[in-house]
Amino acid sequence: MLVELEDVSKRYQLGNLWVDALRGINLTIERGEFLAVKGPSGSGKSTLLNILSALDHCDSGSVEIEGINLSALNEHQCSLFRRRHIGIVFQSFNLIPVLTALENVIYPLTLSGTVNAKARAEKALEAVGLEQLMSQRPTQLSGGQMQRVAIARAIVSQPNLILADEPTANLDSVTSESIMSLMKQLNREQGVTFVIATHDNYVTGLASRVITVRDGELVEDEPSPPFTLQEAIA
Ligand SMILES: Nc1ncnc2c1ncn2[C@@H]1O[C@H](COP(=O)(O)OP(=O)(O)OP(=O)(O)O)[C@@H](O)[C@H]1O
C-alpha cells in the first residue's frame, strides 16, 4: 500500500464561518493505481490533494504515504518529503515564466542538490516529447506543451506518486487526450501511481478506479444500470 488515510478531516475558517472541507475520509491507494477523484466544485478534491502532497495538514486523522506519517513532519521535512516522493501537476501549469523549459525542469533538482541535473532534466523532457523545445520559455509554448513541461518537472525526481489537480482543465480535447495518454504511459511503463482530481469524463474513463467526494465526504458511486434503455425495450 502506498497511501493510507484514516478518518481525515480538515476545516477552513472563512470570516465567521467554518467550512468542513474534508470530513472523516478513509482511503487507501495501492501502488500502480491510476485514481481519479471527482466531485462537484467545492467538494474537497483540491484539499485532499493538498493534504496528500503535505502542502497542507489535516486537523484530525492520519495520513501515511510510503509509511511516513505526514502529521509528524515539520515544514522543512514536508518540503523534503515532497521533493523525494511526490510530483505535482497543476491545472495552470505553474511554470516559472523567466526560465526555459529545461531550466524549469532542472529547478527542483537544484533545490535537492542532485548531480547530473541537466542530463536528468533533458531525459525527462525527451520522455514527454519536448526534446526540440527545451530552450523555449513558457510564453513561447502552447498549453499542451506547457503541461508536458510540468509533467517532466513532476517526473524528474522519479517520484512514486504524482498528484494532478485538474490537469486537463485548460486544454482542448485533443491536447487533453495526448496529455492523458502520456500520464497513462508513465503509469503503465514506470509504475508511477497517479491521483487526479478532475471534472473531465475523459479522464475518469481512463482511471483504474474513480472515487467521488461530495461535501467533504467520500461517497459510493452510483452503480451503473445493468442494461441500457434499448436493451430494456428489446
Ligand atoms: N484556503 C482556504 N481557506 C478557506 N476555505 C477554503 C480554503 N481552501 C478550500 N476552502 C474551502 O473548502 C471547500 C473545499 O474546497 P476545494 O478547493 O478542496 O474543492 P474542490 O472540490 O477542489 O473544488 P473545485 O472543483 O472548484 O476546484 C470549499 O468550500 C472551499 O471554499
# chains A, B, ... in the order shown; residues from 1 in each chain; ligands from 1
>>> residues_near_ligand(ligand="ligand 1", cutoff="12 Å", atoms="only C-alpha atoms and all ligand atoms", output="CSV table (one decimal) with N, CA and C atoms, in the first residue's frame")
chain,number,residue,atom,x,y,z
A,9,SER,N,-9.9,14.7,8.6
A,9,SER,CA,-10.8,15.9,8.5
A,9,SER,C,-10.0,17.2,8.4
A,10,LYS,N,-10.6,18.2,7.7
A,10,LYS,CA,-10.0,19.5,7.5
A,10,LYS,C,-11.0,20.6,7.5
A,11,ARG,N,-10.8,21.6,8.3
A,11,ARG,CA,-11.8,22.7,8.3
A,11,ARG,C,-11.0,24.0,8.0
A,12,TYR,N,-11.7,24.9,7.3
A,12,TYR,CA,-11.1,26.2,7.0
A,12,TYR,C,-12.0,27.2,7.6
A,13,GLN,N,-11.4,28.3,8.0
A,13,GLN,CA,-12.2,29.4,8.5
A,13,GLN,C,-12.3,30.5,7.4
A,14,LEU,N,-13.6,30.8,7.1
A,14,LEU,CA,-13.8,31.9,6.2
A,14,LEU,C,-14.6,33.0,6.9
A,15,GLY,N,-13.9,34.0,7.4
A,15,GLY,CA,-14.5,35.1,8.2
A,15,GLY,C,-15.1,34.4,9.5
A,16,ASN,N,-16.4,34.5,9.7
A,16,ASN,CA,-17.0,33.9,10.9
A,16,ASN,C,-17.4,32.5,10.6
A,17,LEU,N,-17.3,32.1,9.4
A,17,LEU,CA,-17.8,30.7,9.0
A,17,LEU,C,-16.7,29.7,9.0
A,18,TRP,N,-17.1,28.5,9.4
A,18,TRP,CA,-16.2,27.3,9.3
A,18,TRP,C,-16.7,26.5,8.2
A,19,VAL,N,-15.7,26.1,7.3
A,19,VAL,CA,-16.1,25.2,6.2
A,19,VAL,C,-15.4,23.8,6.4
A,20,ASP,N,-16.3,22.8,6.5
A,20,ASP,CA,-15.7,21.4,6.6
A,20,ASP,C,-15.3,21.0,5.2
A,21,ALA,N,-14.0,21.2,4.9
A,21,ALA,CA,-13.6,20.8,3.5
A,21,ALA,C,-13.5,19.3,3.4
A,22,LEU,N,-13.0,18.6,4.4
A,22,LEU,CA,-13.0,17.1,4.4
A,22,LEU,C,-13.5,16.6,5.7
A,23,ARG,N,-14.3,15.6,5.6
A,23,ARG,CA,-15.0,15.0,6.8
A,23,ARG,C,-14.8,13.5,6.9
A,37,VAL,N,-10.3,11.4,-8.9
A,37,VAL,CA,-11.1,11.9,-7.8
A,37,VAL,C,-12.1,12.9,-8.4
A,38,LYS,N,-13.4,12.6,-8.4
A,38,LYS,CA,-14.3,13.5,-9.0
A,38,LYS,C,-15.3,14.0,-7.9
A,39,GLY,N,-16.1,15.0,-8.3
A,39,GLY,CA,-17.0,15.6,-7.3
A,39,GLY,C,-17.3,17.0,-7.7
A,40,PRO,N,-18.4,17.6,-7.2
A,40,PRO,CA,-18.7,19.0,-7.6
A,40,PRO,C,-17.7,20.0,-7.1
A,41,SER,N,-17.8,21.2,-7.7
A,41,SER,CA,-16.9,22.2,-7.3
A,41,SER,C,-17.1,22.5,-5.8
A,42,GLY,N,-15.9,22.7,-5.1
A,42,GLY,CA,-16.0,23.0,-3.7
A,42,GLY,C,-16.2,21.7,-2.8
A,43,SER,N,-16.2,20.5,-3.4
A,43,SER,CA,-16.5,19.3,-2.6
A,43,SER,C,-15.3,18.9,-1.8
A,44,GLY,N,-14.1,19.4,-2.1
A,44,GLY,CA,-12.9,19.0,-1.3
A,44,GLY,C,-11.8,18.3,-2.0
A,45,LYS,N,-11.8,18.2,-3.4
A,45,LYS,CA,-10.8,17.5,-4.1
A,45,LYS,C,-9.4,18.1,-4.0
A,46,SER,N,-9.4,19.4,-4.2
A,46,SER,CA,-8.0,20.1,-4.1
A,46,SER,C,-7.5,20.0,-2.6
A,47,THR,N,-8.4,20.1,-1.7
A,47,THR,CA,-8.0,20.0,-0.3
A,47,THR,C,-7.3,18.6,0.0
A,48,LEU,N,-8.0,17.6,-0.6
A,48,LEU,CA,-7.5,16.2,-0.5
A,48,LEU,C,-6.1,16.1,-1.1
A,49,LEU,N,-5.9,16.7,-2.3
A,49,LEU,CA,-4.6,16.6,-2.9
A,49,LEU,C,-3.5,17.4,-2.2
A,50,ASN,N,-4.0,18.6,-1.6
A,50,ASN,CA,-3.0,19.4,-0.8
A,50,ASN,C,-2.5,18.6,0.4
A,51,ILE,N,-3.4,17.9,1.0
A,51,ILE,CA,-3.0,17.1,2.2
A,51,ILE,C,-2.1,15.9,1.8
A,55,LEU,N,1.2,19.9,1.4
A,55,LEU,CA,1.2,21.3,1.3
A,55,LEU,C,0.3,21.9,2.4
A,56,ASP,N,-0.5,21.0,2.9
A,56,ASP,CA,-1.5,21.4,4.0
A,56,ASP,C,-1.5,20.2,4.9
A,57,HIS,N,-1.9,20.4,6.2
A,57,HIS,CA,-2.0,19.4,7.2
A,57,HIS,C,-3.5,19.2,7.5
A,90,PHE,N,-0.3,20.9,-11.9
A,90,PHE,CA,-1.4,21.8,-11.7
A,90,PHE,C,-2.2,22.1,-12.9
A,91,GLN,N,-3.4,22.6,-12.7
A,91,GLN,CA,-4.3,23.0,-13.8
A,91,GLN,C,-3.7,24.1,-14.6
A,92,SER,N,-3.0,25.1,-13.9
A,92,SER,CA,-2.5,26.3,-14.6
A,92,SER,C,-1.0,26.1,-14.8
A,164,ALA,N,-2.3,15.2,-9.6
A,164,ALA,CA,-2.6,16.2,-10.6
A,164,ALA,C,-3.9,16.8,-10.3
A,165,ASP,N,-4.0,18.1,-10.2
A,165,ASP,CA,-5.2,18.8,-9.9
A,165,ASP,C,-5.8,19.4,-11.2
A,166,GLU,N,-6.8,18.8,-11.7
A,166,GLU,CA,-7.5,19.3,-13.0
A,166,GLU,C,-6.5,19.5,-14.1
A,167,PRO,N,-5.7,18.5,-14.4
A,167,PRO,CA,-4.6,18.7,-15.4
A,167,PRO,C,-5.0,19.0,-16.8
A,169,ALA,N,-7.9,20.9,-17.4
A,169,ALA,CA,-9.0,21.9,-17.4
A,169,ALA,C,-8.7,23.1,-18.4
A,196,ILE,N,-5.7,11.9,-9.6
A,196,ILE,CA,-6.0,13.0,-10.5
A,196,ILE,C,-7.4,13.6,-10.1
A,197,ALA,N,-7.4,14.8,-9.6
A,197,ALA,CA,-8.7,15.5,-9.3
A,197,ALA,C,-9.2,16.0,-10.7
A,198,THR,N,-10.5,15.7,-11.0
A,198,THR,CA,-11.0,16.1,-12.3
A,198,THR,C,-12.5,16.2,-12.4
A,199,HIS,N,-12.9,17.0,-13.4
A,199,HIS,CA,-14.3,17.1,-13.7
A,199,HIS,C,-14.5,16.4,-15.1
A,200,ASP,N,-13.4,16.0,-15.7
A,200,ASP,CA,-13.4,15.6,-17.1
A,200,ASP,C,-13.7,14.1,-17.2
A,212,THR,N,-15.5,9.5,-5.5
A,212,THR,CA,-16.3,10.7,-5.6
A,212,THR,C,-16.3,11.4,-4.2
A,213,VAL,N,-16.0,12.7,-4.2
A,213,VAL,CA,-16.0,13.4,-2.9
A,213,VAL,C,-17.3,14.3,-3.1
A,214,ARG,N,-18.1,14.3,-2.0
A,214,ARG,CA,-19.2,15.3,-2.0
A,214,ARG,C,-19.3,15.9,-0.6
A,215,ASP,N,-19.4,17.2,-0.6
A,215,ASP,CA,-19.4,17.9,0.7
A,215,ASP,C,-18.4,17.4,1.7
A,216,GLY,N,-17.2,17.1,1.2
A,216,GLY,CA,-16.1,16.7,2.1
A,216,GLY,C,-16.1,15.3,2.5
A,217,GLU,N,-17.0,14.5,1.9
A,217,GLU,CA,-17.1,13.1,2.3
A,217,GLU,C,-16.9,12.2,1.0
A,218,LEU,N,-16.3,11.0,1.2
A,218,LEU,CA,-16.2,10.0,0.1
A,218,LEU,C,-17.6,9.4,0.0
>>> residues_around(residues="A:Met134", least_positions_apart="3", cutoff="8 Å", atoms="only C-alpha atoms", output="PyMOL selection string")
chain A and resi 100-102+122+125+130-131
>>> write_last_selection(atoms="N, CA and C atoms", output="PDB file, in the first residue's frame")
ATOM      1  N   THR A 100      13.627  28.842 -19.059  1.00  0.00           N
ATOM      2  CA  THR A 100      13.312  27.993 -20.216  1.00  0.00           C
ATOM      3  C   THR A 100      12.661  26.698 -19.711  1.00  0.00           C
ATOM      4  N   ALA A 101      12.153  25.906 -20.676  1.00  0.00           N
ATOM      5  CA  ALA A 101      11.561  24.612 -20.314  1.00  0.00           C
ATOM      6  C   ALA A 101      12.590  23.773 -19.553  1.00  0.00           C
ATOM      7  N   LEU A 102      13.801  23.732 -20.080  1.00  0.00           N
ATOM      8  CA  LEU A 102      14.846  22.923 -19.429  1.00  0.00           C
ATOM      9  C   LEU A 102      15.129  23.434 -18.011  1.00  0.00           C
ATOM     10  N   GLU A 122      16.969  16.779 -19.187  1.00  0.00           N
ATOM     11  CA  GLU A 122      16.855  16.556 -20.634  1.00  0.00           C
ATOM     12  C   GLU A 122      16.141  15.243 -20.914  1.00  0.00           C
ATOM     13  N   LEU A 125      12.456  15.660 -20.316  1.00  0.00           N
ATOM     14  CA  LEU A 125      11.802  16.400 -21.406  1.00  0.00           C
ATOM     15  C   LEU A 125      11.696  15.541 -22.664  1.00  0.00           C
ATOM     16  N   LEU A 130       9.442  16.610 -25.733  1.00  0.00           N
ATOM     17  CA  LEU A 130       9.768  18.033 -25.930  1.00  0.00           C
ATOM     18  C   LEU A 130      11.255  18.275 -26.194  1.00  0.00           C
ATOM     19  N   GLU A 131      11.936  17.279 -26.737  1.00  0.00           N
ATOM     20  CA  GLU A 131      13.383  17.434 -26.921  1.00  0.00           C
ATOM     21  C   GLU A 131      13.730  18.632 -27.819  1.00  0.00           C
TER      22      GLU A 131
END
>>> select_by_dssp(residues="stretch 54-117 of chain A", states="alpha helix (DSSP H)", output="ChimeraX atom specification")
/A:75-85,101-111,117
>>> closest_residue(among="A:Leu27, A:Ala207, A:Leu133, A:Val192", to="A:Ile155", atoms="only C-alpha atoms")
A:Val192
>>> residues_around(residues="stretch 176-188 of chain A", least_positions_apart="2", cutoff="12 Å", atoms="only C-alpha atoms", output="short mmCIF file (atom, residue, chain, number, x, y, z; two decimals) with C-alpha atoms, in the first residue's frame")
data_model
loop_
_atom_site.label_atom_id
_atom_site.label_comp_id
_atom_site.auth_asym_id
_atom_site.auth_seq_id
_atom_site.Cartn_x
_atom_site.Cartn_y
_atom_site.Cartn_z
CA ARG A 31 0.99 1.25 -5.82
CA GLY A 32 0.34 1.48 -9.54
CA GLU A 33 -3.21 2.83 -9.31
CA PHE A 34 -4.46 5.48 -11.73
CA LEU A 35 -7.04 7.00 -9.44
CA ALA A 36 -9.48 9.72 -10.45
CA VAL A 89 0.86 18.80 -11.81
CA GLN A 91 -4.31 22.99 -13.83
CA ALA A 124 12.55 13.90 -18.62
CA GLU A 126 12.59 13.74 -24.02
CA ALA A 127 10.18 11.37 -22.25
CA VAL A 128 7.37 13.91 -22.71
CA GLY A 129 8.30 14.55 -26.35
CA GLY A 143 -0.94 24.93 -23.29
CA GLY A 144 -0.31 21.27 -24.05
CA GLN A 145 3.43 21.85 -24.35
CA MET A 146 3.44 23.76 -21.03
CA GLN A 147 1.61 20.88 -19.36
CA ARG A 148 4.22 18.48 -20.81
CA VAL A 149 6.97 20.62 -19.23
CA ALA A 150 5.04 20.46 -15.94
CA ILE A 151 4.84 16.68 -16.24
CA ALA A 152 8.57 16.48 -16.99
CA ALA A 154 6.94 16.24 -11.88
CA ILE A 155 8.70 13.05 -13.04
CA VAL A 156 12.29 14.30 -13.00
CA GLN A 158 11.36 9.91 -10.07
CA PRO A 159 8.55 10.10 -7.51
CA ASN A 160 6.31 7.09 -6.91
CA LEU A 161 3.24 9.29 -6.62
CA ILE A 162 2.04 12.07 -8.94
CA LEU A 163 -0.83 14.29 -7.83
CA ALA A 164 -2.58 16.17 -10.62
CA GLU A 166 -7.48 19.26 -12.96
CA PRO A 167 -4.58 18.69 -15.38
CA THR A 168 -6.77 18.97 -18.48
CA ALA A 169 -8.95 21.91 -17.39
CA ASN A 170 -7.10 24.46 -19.52
CA LEU A 171 -6.55 22.22 -22.54
CA ASP A 172 -8.64 21.47 -25.63
CA SER A 173 -9.91 17.93 -26.04
CA VAL A 174 -7.22 16.74 -28.48
CA GLN A 190 7.22 3.13 -14.97
CA GLY A 191 4.63 2.08 -12.41
CA VAL A 192 4.05 5.67 -11.24
CA THR A 193 0.87 5.97 -9.15
CA PHE A 194 -1.43 8.82 -10.18
CA VAL A 195 -4.14 10.62 -8.21
CA ILE A 196 -6.02 13.02 -10.47
CA THR A 198 -10.95 16.07 -12.32
CA ASP A 200 -13.37 15.61 -17.09
CA ASN A 201 -15.26 12.44 -18.06
CA TYR A 202 -12.50 11.52 -20.47
CA VAL A 203 -10.08 11.36 -17.51
CA THR A 204 -12.41 9.34 -15.29
CA GLY A 205 -12.93 6.96 -18.21
CA LEU A 206 -9.20 6.16 -18.22
CA ALA A 207 -8.90 5.65 -14.47
CA SER A 208 -8.30 2.29 -12.85
#
>>> residues_around(residues="stretch 107-111 of chain A", least_positions_apart="2", cutoff="10 Å", atoms="only C-alpha atoms", output="list in words")
Leu80, Arg83, Ile96, Leu99, Leu102, Glu103, Asn104, Val105, Gly113, Thr114, Val115, Asn116, Ala117, Lys118, Arg120, Ala121, Arg153, Ala154, Val156 and Ser157 of chain A
>>> write_last_selection(atoms="C-alpha atoms", output="PDB file, in the first residue's frame")
ATOM      1  CA  LEU A  80      11.973  17.264   1.698  1.00  0.00           C
ATOM      2  CA  ARG A  83      10.882  16.627  -3.290  1.00  0.00           C
ATOM      3  CA  ILE A  96       8.393  29.913 -13.895  1.00  0.00           C
ATOM      4  CA  LEU A  99      13.070  30.210 -17.133  1.00  0.00           C
ATOM      5  CA  LEU A 102      14.846  22.923 -19.429  1.00  0.00           C
ATOM      6  CA  GLU A 103      15.549  25.323 -16.537  1.00  0.00           C
ATOM      7  CA  ASN A 104      12.027  24.789 -15.186  1.00  0.00           C
ATOM      8  CA  VAL A 105      12.664  21.042 -15.048  1.00  0.00           C
ATOM      9  CA  GLY A 113      21.403  19.281  -4.910  1.00  0.00           C
ATOM     10  CA  THR A 114      21.080  16.413  -7.411  1.00  0.00           C
ATOM     11  CA  VAL A 115      24.134  15.632  -9.518  1.00  0.00           C
ATOM     12  CA  ASN A 116      23.667  15.366 -13.303  1.00  0.00           C
ATOM     13  CA  ALA A 117      20.638  17.656 -13.009  1.00  0.00           C
ATOM     14  CA  LYS A 118      20.874  18.854 -16.635  1.00  0.00           C
ATOM     15  CA  ARG A 120      18.231  14.127 -15.990  1.00  0.00           C
ATOM     16  CA  ALA A 121      16.059  17.107 -16.946  1.00  0.00           C
ATOM     17  CA  ARG A 153       9.188  18.589 -13.875  1.00  0.00           C
ATOM     18  CA  ALA A 154       6.941  16.241 -11.877  1.00  0.00           C
ATOM     19  CA  VAL A 156      12.295  14.298 -12.998  1.00  0.00           C
ATOM     20  CA  SER A 157      12.812  13.373  -9.337  1.00  0.00           C
TER      21      SER A 157
END
>>> closest_residue(among="A:Ser112, A:Ile65, A:Cys58, A:Ser53", to="A:Gly87", atoms="only C-alpha atoms")
A:Ser53
